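Visitor: Okay, so here is my_file-v6.txt, and as you'll see once you scroll down, it has compact mmCIF, C-alpha atoms.
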# COMPACT_ATOMS: atom_id res chain seq x y z
CA MET A 1 74.11 43.79 114.00
CA MET A 2 74.71 47.41 112.99
CA PRO A 3 77.69 47.95 110.68
CA VAL A 4 80.52 49.83 112.41
CA LYS A 5 81.36 53.01 110.52
CA SER A 6 85.06 53.41 109.87
CA PRO A 7 86.60 56.73 110.87
CA ARG A 8 87.06 59.18 108.01
CA LYS A 9 89.38 62.12 107.98
CA LEU A 10 90.46 64.68 105.40
CA ILE A 11 93.38 67.04 105.85
CA LEU A 12 93.69 70.08 103.61
CA TYR A 13 97.14 71.64 103.50
CA VAL A 14 97.09 75.33 102.56
CA ALA A 15 99.61 78.17 102.46
CA GLY A 16 98.04 81.09 104.27
CA GLN A 17 95.60 82.98 102.07
CA THR A 18 96.96 82.40 98.60
CA PRO A 19 94.22 82.46 95.93
CA LYS A 20 94.33 78.69 95.41
CA SER A 21 94.37 78.00 99.14
CA LEU A 22 91.25 80.12 99.63
CA ALA A 23 89.61 78.46 96.63
CA ALA A 24 90.47 74.98 97.94
CA ILE A 25 88.95 75.75 101.36
CA ALA A 26 85.76 77.14 99.79
CA ASN A 27 85.48 74.23 97.34
CA LEU A 28 86.06 71.59 100.03
CA GLU A 29 83.44 73.21 102.28
CA ARG A 30 80.98 73.19 99.38
CA ILE A 31 81.72 69.58 98.34
CA CYS A 32 81.44 68.31 101.91
CA ALA A 33 78.17 70.18 102.44
CA GLU A 34 76.62 69.09 99.15
CA HIS A 35 77.96 65.54 98.69
CA LEU A 36 79.40 64.32 102.00
CA PRO A 37 77.38 65.85 104.80
CA GLY A 38 78.68 64.58 108.12
CA GLN A 39 80.84 61.90 106.51
CA TYR A 40 84.30 63.36 107.02
CA ALA A 41 86.14 65.12 109.79
CA VAL A 42 88.03 67.91 108.02
CA GLU A 43 91.20 69.53 109.29
CA VAL A 44 92.79 72.53 107.56
CA ILE A 45 96.51 72.96 108.18
CA ASP A 46 98.17 76.25 107.32
CA LEU A 47 101.74 75.36 106.43
CA ARG A 48 102.73 79.03 106.52
CA LYS A 49 102.23 78.91 110.26
CA ASN A 50 103.92 75.55 110.72
CA PRO A 51 105.89 74.33 107.68
CA LYS A 52 107.21 71.28 109.55
CA LEU A 53 103.79 69.67 109.35
CA ALA A 54 104.36 69.20 105.61
CA ARG A 55 106.66 66.27 106.39
CA GLU A 56 103.99 64.05 107.87
CA HIS A 57 102.41 63.52 104.48
CA SER A 58 105.39 64.55 102.33
CA ILE A 59 103.57 67.61 101.02
CA VAL A 60 105.43 69.40 98.22
CA ALA A 61 102.75 71.39 96.35
CA ILE A 62 100.03 73.48 98.00
CA PRO A 63 97.07 73.21 98.23
CA THR A 64 96.93 69.44 98.75
CA LEU A 65 94.03 67.43 100.12
CA VAL A 66 94.92 64.21 101.96
CA ARG A 67 92.40 61.53 102.71
CA GLU A 68 94.04 60.16 105.83
CA LEU A 69 91.27 57.78 106.78
CA PRO A 70 90.10 55.32 105.68
CA VAL A 71 93.35 53.83 104.44
CA PRO A 72 94.91 53.70 101.91
CA LEU A 73 95.97 57.31 102.11
CA ARG A 74 95.08 59.39 99.05
CA LYS A 75 96.32 62.76 97.89
CA LEU A 76 94.72 65.29 95.63
CA ILE A 77 96.68 68.36 94.58
CA GLY A 78 95.04 71.61 93.45
CA ASP A 79 92.19 73.96 94.35
CA LEU A 80 89.52 71.19 94.27
CA SER A 81 87.47 73.08 91.67
CA ASP A 82 86.73 69.82 89.81
CA THR A 83 84.06 68.31 92.05
CA HIS A 84 83.85 65.07 90.08
CA LYS A 85 87.59 64.52 90.37
CA VAL A 86 87.47 65.12 94.12
CA LEU A 87 84.60 62.67 94.61
CA VAL A 88 86.31 60.01 92.48
CA ASN A 89 89.54 60.40 94.41
CA LEU A 90 87.75 60.14 97.70
CA LYS A 91 86.16 56.93 96.36
CA ILE A 92 82.83 57.83 97.80
CA SER A 93 81.04 54.75 96.48
CA ASP A 94 83.68 52.33 97.84
CA SER A 95 83.82 53.74 101.30
CA ALA A 96 80.19 54.63 101.79
CA MET B 97 114.28 33.21 96.35
CA THR B 98 112.23 32.76 99.53
CA ARG B 99 108.57 33.69 99.87
CA ASP B 100 109.48 36.46 102.37
CA SER B 101 112.02 38.13 100.11
CA SER B 102 109.55 37.98 97.22
CA SER B 103 106.89 39.60 99.38
CA ASP B 104 109.34 42.35 100.46
CA LYS B 105 110.16 43.02 96.84
CA ASP B 106 106.46 43.31 95.99
CA LEU B 107 105.97 45.79 98.82
CA LEU B 108 108.99 47.78 97.67
CA VAL B 109 107.70 47.86 94.10
CA ALA B 110 104.25 48.93 95.30
CA ASP B 111 105.81 51.66 97.43
CA LEU B 112 107.96 52.87 94.53
CA ARG B 113 104.93 52.90 92.25
CA LEU B 114 103.01 54.97 94.80
CA ARG B 115 105.91 57.42 95.13
CA LEU B 116 106.20 57.66 91.36
CA ALA B 117 102.48 58.32 91.02
CA ASP B 118 102.77 60.99 93.74
CA ALA B 119 105.69 62.65 92.00
CA GLU B 120 103.91 62.56 88.63
CA GLU B 121 100.76 64.02 90.14
CA THR B 122 102.78 66.80 91.80
CA LEU B 123 104.56 67.65 88.55
CA ARG B 124 101.27 67.59 86.63
CA ALA B 125 99.60 69.90 89.16
CA ILE B 126 102.50 72.37 89.01
CA ARG B 127 102.63 72.25 85.22
CA GLU B 128 98.86 72.76 84.94
CA ASN B 129 98.85 75.76 87.28
CA GLU B 130 96.85 74.05 90.02
CA VAL B 131 99.09 75.12 92.88
CA ASP B 132 100.44 78.46 94.02
CA ALA B 133 102.87 77.49 96.80
CA LEU B 134 105.62 74.93 97.27
CA VAL B 135 107.35 73.41 100.28
CA MET B 136 111.12 73.60 99.96
CA ARG B 137 113.83 72.40 102.25
CA VAL B 138 116.25 75.16 103.19
CA HIS B 139 119.10 74.23 105.55
CA LEU B 140 117.18 71.17 106.77
CA ASP B 141 114.09 73.27 107.53
CA ASP B 142 110.91 73.29 105.47
CA GLU B 143 109.87 76.68 104.10
CA ILE B 144 106.87 77.77 102.05
CA PHE B 145 107.44 79.66 98.82
CA THR B 146 104.56 81.33 97.02
CA ILE B 147 104.53 81.04 93.24
CA GLY B 148 103.91 84.38 91.53
CA GLY B 149 104.69 86.59 94.51
CA ASP B 150 103.45 87.06 98.01
CA PRO B 151 99.81 88.23 98.18
CA GLU B 152 100.76 90.53 101.06
CA SER B 153 102.20 93.07 98.64
CA TYR B 154 98.95 93.73 96.76
CA ARG B 155 96.96 93.52 99.99
CA ALA B 156 99.03 96.25 101.60
CA PHE B 157 98.42 98.39 98.52
CA MET B 158 94.67 97.74 98.59
CA GLU B 159 94.50 98.58 102.28
CA VAL B 160 95.80 102.12 101.81
CA MET B 161 93.40 102.80 98.92
CA GLU B 162 90.59 105.21 99.75
CA PRO B 163 87.80 103.42 97.82
CA GLY B 164 86.51 100.03 98.86
CA ALA B 165 88.51 97.37 97.01
CA ALA B 166 88.38 93.62 96.53
CA ALA B 167 90.56 91.05 94.78
CA LEU B 168 88.49 88.24 93.27
CA ASP B 169 89.49 84.94 91.71
CA GLY B 170 88.13 83.80 88.36
CA CYS B 171 84.90 82.57 89.97
CA GLY B 172 84.21 85.87 91.70
CA ARG B 173 85.30 84.62 95.14
CA VAL B 174 86.88 87.15 97.46
CA LEU B 175 90.62 86.68 97.86
CA TYR B 176 90.98 89.91 99.76
CA ALA B 177 88.86 92.96 100.61
CA ASN B 178 90.14 96.13 102.22
CA SER B 179 88.70 97.46 105.44
CA THR B 180 86.75 100.23 103.64
CA LEU B 181 84.76 97.56 101.79
CA THR B 182 84.28 95.24 104.76
CA GLN B 183 82.98 98.18 106.83
CA LEU B 184 80.66 99.18 104.00
CA LEU B 185 79.26 95.66 103.85
CA GLY B 186 79.10 95.38 107.64
CA THR B 187 81.17 92.22 107.68
CA SER B 188 84.72 91.04 108.36
CA LEU B 189 87.46 89.91 106.03
CA THR B 190 87.33 86.43 107.55
CA GLN B 191 83.64 86.13 106.74
CA LEU B 192 84.09 87.50 103.25
CA GLN B 193 87.13 85.53 102.10
CA GLY B 194 86.34 82.55 99.91
CA GLU B 195 82.73 83.71 99.46
CA LEU B 196 81.27 85.07 96.22
CA LEU B 197 81.37 88.86 96.33
CA VAL B 198 77.92 89.12 94.72
CA ASP B 199 76.45 87.24 97.70
CA ALA B 200 77.68 89.93 100.07
CA PHE B 201 75.30 92.48 98.53
CA ALA B 202 71.50 92.70 98.35
CA ALA B 203 70.10 90.64 95.45
CA ASP B 204 69.66 93.48 92.94
CA THR B 205 73.02 95.06 93.69
CA GLY B 206 74.69 91.64 93.58
CA ARG B 207 73.20 91.04 90.13
CA GLU B 208 74.59 94.37 88.94
CA ILE B 209 78.05 93.42 90.17
CA GLY B 210 77.73 90.00 88.52
CA HIS B 211 77.00 91.69 85.19
CA LEU B 212 79.93 94.03 85.72
CA LEU B 213 82.33 91.12 86.29
CA LYS B 214 81.09 89.40 83.14
CA GLU B 215 81.56 92.58 81.12
CA ALA B 216 85.06 93.04 82.54
CA HIS B 217 86.24 89.70 81.17
CA THR B 218 88.98 91.29 79.07
CA THR B 219 88.84 95.04 79.71
CA ARG B 220 88.08 97.42 82.54
CA GLN B 221 84.39 98.20 82.98
CA SER B 222 82.38 100.31 85.38
CA ARG B 223 78.80 100.94 86.39
CA GLU B 224 76.96 102.88 89.04
CA ILE B 225 75.37 100.79 91.77
CA ARG B 226 72.97 101.70 94.55
CA LEU B 227 73.14 100.34 98.07
CA PRO B 228 69.72 100.56 99.73
CA ARG B 229 69.99 101.23 103.47
CA GLY B 230 66.42 101.00 104.71
CA GLU B 231 65.33 104.27 106.23
CA GLN B 232 68.73 105.88 105.76
CA VAL B 233 69.71 107.68 102.57
CA ASP B 234 70.75 105.18 99.86
CA LEU B 235 74.44 105.11 99.02
CA TYR B 236 75.70 105.25 95.44
CA PHE B 237 78.99 103.81 94.24
CA MET B 238 80.91 103.74 90.99
CA ALA B 239 81.98 100.10 90.80
CA MET B 240 84.94 99.44 88.54
CA ALA B 241 86.22 95.96 87.62
CA SER B 242 89.46 95.15 85.84
CA PRO B 243 90.82 91.76 84.82
CA VAL B 244 94.05 91.08 86.68
CA GLN B 245 96.50 88.29 87.44
CA PHE B 246 97.14 87.49 91.12
CA GLY B 247 100.18 85.27 91.07
CA THR B 248 99.04 82.17 89.18
CA THR B 249 95.36 83.04 89.46
CA SER B 250 93.38 85.08 86.94
CA GLY B 251 90.70 87.22 88.49
CA HIS B 252 89.38 90.74 88.94
CA ALA B 253 90.26 93.80 90.93
CA VAL B 254 87.08 95.63 91.89
CA THR B 255 86.85 99.08 93.44
CA PHE B 256 83.87 100.93 94.88
CA ALA B 257 84.13 104.74 94.86
CA ASN B 258 81.48 106.54 96.88
CA VAL B 259 79.62 108.95 94.58
CA THR B 260 76.60 109.50 96.84
CA GLU B 261 77.22 113.24 97.24
CA ARG B 262 77.54 113.74 93.49
CA VAL B 263 74.37 111.73 92.76
CA LEU B 264 72.37 113.59 95.42
CA ASN B 265 73.65 116.94 94.15
CA GLU B 266 72.65 115.99 90.61
CA GLY B 267 69.21 115.05 91.93
CA ALA B 268 68.90 118.35 93.79
CA GLU B 269 70.03 120.23 90.69
CA GLN B 270 67.44 118.44 88.55
CA ARG B 271 64.75 119.21 91.09
CA GLU B 272 65.81 122.84 91.14
CA HIS B 273 65.63 123.01 87.34
CA ALA B 274 62.16 121.51 87.48
CA ALA B 275 61.10 123.94 90.22
CA ARG B 276 62.42 126.89 88.24
CA ALA B 277 60.54 125.70 85.18
CA VAL B 278 57.35 125.50 87.22
CA ILE B 279 57.92 128.94 88.73
CA ASP B 280 58.74 130.48 85.35
CA SER B 281 55.64 129.03 83.72
CA ALA B 282 53.32 130.31 86.45
CA ASN B 283 51.00 133.21 85.53
CA GLU B 284 51.06 134.63 89.04
CA ALA B 285 54.04 136.34 90.63
CA VAL B 286 56.28 133.83 92.38
CA LEU B 287 59.24 134.95 94.50
CA VAL B 288 61.62 132.69 96.42
CA CYS B 289 63.41 134.02 99.52
CA ASP B 290 66.26 132.56 101.52
CA ARG B 291 66.17 132.27 105.31
CA ASN B 292 67.09 135.94 105.63
CA GLY B 293 64.15 137.02 103.51
CA ILE B 294 66.39 137.92 100.59
CA ILE B 295 64.88 137.16 97.19
CA THR B 296 66.86 134.50 95.30
CA HIS B 297 64.46 133.64 92.47
CA ALA B 298 61.58 135.47 90.80
CA ASN B 299 59.56 134.70 87.69
CA ALA B 300 58.63 137.08 84.92
CA ALA B 301 55.19 137.75 86.44
CA ALA B 302 56.95 139.16 89.53
CA SER B 303 57.37 142.39 87.54
CA THR B 304 53.71 143.10 88.35
CA VAL B 305 54.57 143.46 92.05
CA TYR B 306 57.99 145.11 91.75
CA ASP B 307 59.26 147.27 88.93
CA GLY B 308 62.92 146.29 88.79
CA ASN B 309 65.23 143.37 89.51
CA PRO B 310 64.16 141.90 92.85
CA ILE B 311 67.03 139.34 93.09
CA GLY B 312 69.27 140.01 96.07
CA GLN B 313 66.87 142.42 97.75
CA VAL B 314 64.97 141.94 100.98
CA PHE B 315 61.37 140.95 100.20
CA ALA B 316 59.77 143.09 102.88
CA ASP B 317 61.78 146.14 101.80
CA ILE B 318 60.80 146.12 98.16
CA ILE B 319 57.33 144.57 98.45
CA PRO B 320 55.77 145.98 101.61
CA LEU B 321 52.37 144.40 102.18
CA LEU B 322 49.33 145.66 104.02
CA PHE B 323 47.16 142.76 105.12
CA ARG B 324 43.46 143.34 105.30
CA ASP B 325 41.15 142.27 108.05
CA THR B 326 43.98 141.32 110.33
CA THR B 327 45.01 142.62 113.71
CA GLY B 328 47.55 144.79 111.98
CA LEU B 329 50.40 142.92 113.58
CA MET B 330 51.43 141.18 110.43
CA GLN B 331 53.67 142.78 107.87
CA ALA B 332 55.55 141.21 104.97
CA ASP B 333 58.62 140.45 107.11
CA ASP B 334 56.39 138.83 109.78
CA MET B 335 54.89 136.61 107.12
CA ILE B 336 58.28 135.55 105.76
CA ALA B 337 59.57 134.86 109.29
CA MET B 338 56.48 132.78 110.11
CA VAL B 339 56.81 130.72 106.93
CA ILE B 340 60.52 130.09 107.51
CA ALA B 341 59.57 128.94 111.01
CA GLY B 342 57.43 126.27 109.32
CA THR B 343 53.90 127.69 109.10
CA PRO B 344 52.55 128.13 105.58
CA VAL B 345 50.12 130.90 104.71
CA ARG B 346 47.30 130.54 102.19
CA GLY B 347 45.14 133.07 100.44
CA ILE B 348 45.56 136.23 102.51
CA GLU B 349 44.32 139.39 100.85
CA ALA B 350 46.94 142.10 100.85
CA THR B 351 47.85 145.37 99.22
CA ALA B 352 51.27 145.68 97.68
CA VAL B 353 51.62 149.41 98.15
CA ASN B 354 54.67 149.77 95.90
CA ALA B 355 53.38 147.58 93.07
CA PRO B 356 53.53 149.43 89.75
CA LYS B 357 50.09 148.47 88.42
CA VAL B 358 47.78 146.07 90.26
CA LYS B 359 48.04 146.58 94.00
CA ASP B 360 45.58 144.07 95.46
CA TYR B 361 46.70 140.48 95.73
CA LEU B 362 45.88 137.14 97.25
CA VAL B 363 49.14 136.12 98.92
CA SER B 364 50.23 132.58 99.73
CA ALA B 365 53.61 131.50 101.11
CA ALA B 366 55.10 128.10 101.88
CA PRO B 367 58.33 126.93 103.48
CA LEU B 368 61.04 125.95 100.96
CA LYS B 369 62.62 122.55 101.61
CA VAL B 370 65.42 121.75 99.17
CA SER B 371 66.71 118.59 100.87
CA GLY B 372 65.47 116.74 103.91
CA ASP B 373 63.30 118.55 106.43
CA ARG B 374 65.40 121.67 106.78
CA ILE B 375 63.59 124.83 105.69
CA SER B 376 65.91 126.88 103.54
CA GLY B 377 63.58 129.75 102.67
CA ALA B 378 60.08 130.67 101.57
CA VAL B 379 58.14 130.61 98.31
CA VAL B 380 55.68 133.50 98.00
CA THR B 381 52.90 133.47 95.41
CA MET B 382 50.90 136.60 94.66
CA VAL B 383 47.73 136.38 92.56
CA ASP B 384 45.91 139.43 91.23
CA LEU B 385 42.88 139.67 93.50
CA LEU B 386 40.55 140.45 90.61
CA THR B 387 41.60 137.23 88.89
CA ALA B 388 41.50 135.22 92.08
CA ARG B 389 38.22 136.49 93.53
CA PRO B 390 35.83 134.32 91.46
CA LEU B 391 37.75 131.28 92.68
CA LYS B 392 37.67 132.30 96.27
CA SER B 393 34.92 131.54 98.72
CA SER B 394 32.91 134.20 100.46
CA LYS B 395 35.46 134.31 103.25
CA SER B 396 37.64 137.34 102.85
CA PHE B 397 40.78 135.40 103.74
CA SER B 398 41.99 132.25 105.36
CA CYS B 399 45.23 131.20 106.90
CA VAL B 400 46.40 127.87 108.12
CA ASN B 401 48.08 129.59 111.01
CA SER B 402 45.47 129.99 113.70
CA THR B 403 47.24 132.99 115.19
CA ILE B 404 46.51 134.95 112.02
CA ALA B 405 43.03 133.75 111.14
Would you give me this structure, written as structure tokens?
Guide:
Amino acid sequence: MMPVKSPRKLILYVAGQTPKSLAAIANLERICAEHLPGQYAVEVIDLRKNPKLAREHSIVAIPTLVRELPVPLRKLIGDLSDTHKVLVNLKISDSA
Amino acid sequence: MTRDSSSDKDLLVADLRLRLADAEETLRAIRENEVDALVMRVHLDDEIFTIGGDPESYRAFMEVMEPGAAALDGCGRVLYANSTLTQLLGTSLTQLQGELLVDAFAADTGREIGHLLKEAHTTRQSREIRLPRGEQVDLYFMAMASPVQFGTTSGHAVTFANVTERVLNEGAEQREHAARAVIDSANEAVLVCDRNGIITHANAAASTVYDGNPIGQVFADIIPLLFRDTTGLMQADDMIAMVIAGTPVRGIEATAVNAPKVKDYLVSAAPLKVSGDRISGAVVTMVDLLTARPLKSSKSFSCVNSTIA
């Protein structure tokens, strides 16, 4: 029987085009392409356009990456320039 | 204490630990300059506040600048580029943002910009770069990079001032110097005319065909020529007009009736092209026929223009 793949979803909260928001988007794109191809559905939410969406995950500092699925939910704050830290926080080996 | 209440307490403790870890991580990220915006509650509504100022202010400034301009983060990624630069690169701001600026240029030019950014680590630096454009004339820019702080992010401001006209003018000037040197070193008389047949340059040997200063005078007026073995239709002004129209003349025997000493010459004339294909005048060379004769074939004259030959 084939193992059923659990759904995986990342949400990146940014604030318009601030330097760290742009860096976080570029770094997440790079990390997903190089280390997690096809593994995560990624959503980028611009809180400048809709600040209310910050409440869903209690976002205080921007940029913040939220691993919504699989549970438990994980948060990583910053521009995601430390690839190793991002991969560890996403627990790639556990959830692969 | 019941099992249920114990379990609730465990869940509460776990939740509090998670919240504490979240709060600590948020504080650490703020303290270590990893964020540049915060969500704050104002009158029950959430609002976003940018740390270190709104980027819109420097973007508006960059947009009204005449040169191409880009704001880069510490890695060389484009935070913002004005429309002059995006048009120059044939791309859009959306495509450029978040990408390395060096990747937006051809490999060699990108390398030059990479070196410039490294050099501008602490102080402003500049260097001239060339943008090849295939069959079109290459563009030249003075790229200038300065270290700058955008809010909480250290990076570079880079500008690209178009210096193509200056570079091309310098090139034309150098070529003109070289041409003058060649003309001056020639043993035969060399005279350069503009499109109106007025002499603009003449070398020292030109004194053999005209006794005086020929500059500013009409060639045909001061050096009337009688061409041998022709139909008689061609005079000096006809020759100049024909050359300016694009037909060069080679090795026609002629008599310079007003020449102070030697009067018989072998005359050649070619269109003058300073830049591009536009003919801006004519270059006339006159060789003493006695000197030239041993070099010449038995034909008395030749001309590339079939209407003369």
Visitor: Considering all atoms listed in the file, tabulate each residue of chain B that lies at most 6 Å from chain A along with its nearest interatomic pair and the corresponding distance in Å to one decimal; arrange the rows by chain and ascending residue number and present them as CSV.
Guide:
residue,atom,partner,partner_atom,distance
B:Glu130,CA,A:Gly78,CA,4.6
B:Val131,CA,A:Gly78,CA,5.4
B:Ala133,CA,A:Ile62,CA,5.1
B:Leu134,CA,A:Ala61,CA,4.6
B:Val135,CA,A:Val60,CA,4.9
B:Asp142,CA,A:Pro51,CA,5.6
B:Glu143,CA,A:Pro51,CA,5.8
B:Leu175,CA,A:Pro19,CA,5.9
B:Gly194,CA,A:Ala26,CA,5.4
Visitor: Tell me, in Å to one decimal, how far CA of Asp46 in chain A is from CA of Val88 in chain A.
Guide: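 Distance between the two atoms: 25.0 Å.
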Visitor: Which residue is closest to Met330 in chain B? Choose from B:Ala350, B:Gly342, B:Gln270, B:Lys359 and count all atoms listed in the file.
Guide: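 Checking each of B:Ala350, B:Gly342, B:Gln270, B:Lys359 against Met330 in chain B, counting all atoms listed in the file, the winner is B:Ala350.
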Visitor: Counting only C-alpha atoms, find residues at most 6 Å from (75.2, 99.0, 91.6) (file frame) and give them as number ranges by chain.
Guide: B: 205, 208, 224-226
Visitor: Let me make sure I understand: among B:Ile318, B:Leu197, B:Ala177, B:Leu108, which one has the smallest atom-to-atom distance to Pro356 in chain B if we use all atoms listed in the file?
Guide: B:Ile318
Visitor: Quick one: residues within 12 Å of Tyr40 in chain A, only C-alpha atoms counted, chain neighbours fewer than 2 positions away excluded, as a VMD selection string?
Guide: chain A and resid 5 to 11 28 to 29 31 to 33 35 to 38 42 to 43 66 to 70 90 92 95 to 96
Visitor: Take CA of Asn265 in chain B and CA of Asp234 in chain B and report the distance between them in Å, one decimal.
Guide: 13.4 Å
Visitor: So how many Å separate CA of Phe201 in chain B and CA of Glu231 in chain B, to one decimal?
Guide: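 Distance reported for this atom pair: 17.3 Å.
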